[in-house]
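**Student:** Structure provided below as structure tokens; questions to follow.
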Amino acid sequence: MNISELLFIASMITLIVGFVGVVMIILLGLMDLMHIQLRVQVDRKKYIRNIIILLVVGGLLSTAYLMMK
């Protein structure tokens with residue numbers, strides 16, 4: 001395995017986790033609209049910040065992969 005394959009794998013993992021996080025944010029918003037309460041309190045600002053960081057890092061890794069190809 002060379003470095004470009006590792007970059008590709010890392011970028012795909014971070015992008016997939018980031019998009020799953022976006023789906024979770026949408027689901028949490030829908031649950032708020034339908035007045036469904038969770039037993040666990042979610043710190044949304046921290047959660048959204050982490051998702052944005054994941055998406056940016058995934059984008060940077062995929063850009064680095066494309067530059068190496």
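Each chain in the structure tokens gets a letter, A, B, ..., in the order shown, and its residues are numbered from 1; ligands are numbered from 1 in order too.
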Fewer than 3 positions away in the same chain doesn't count, so skip those; otherwise give me all residues within 12 Å of range 40-43 of chain A, counting only C-alpha atoms, as a list in words.

**Tutor:**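 These residues fall inside the cut-off: Met24, Ile25, Leu28, Gly29, Asp32, Ile36, Gln37, Lys46, Tyr47, Ile48, Arg49 and Asn50 of chain A.
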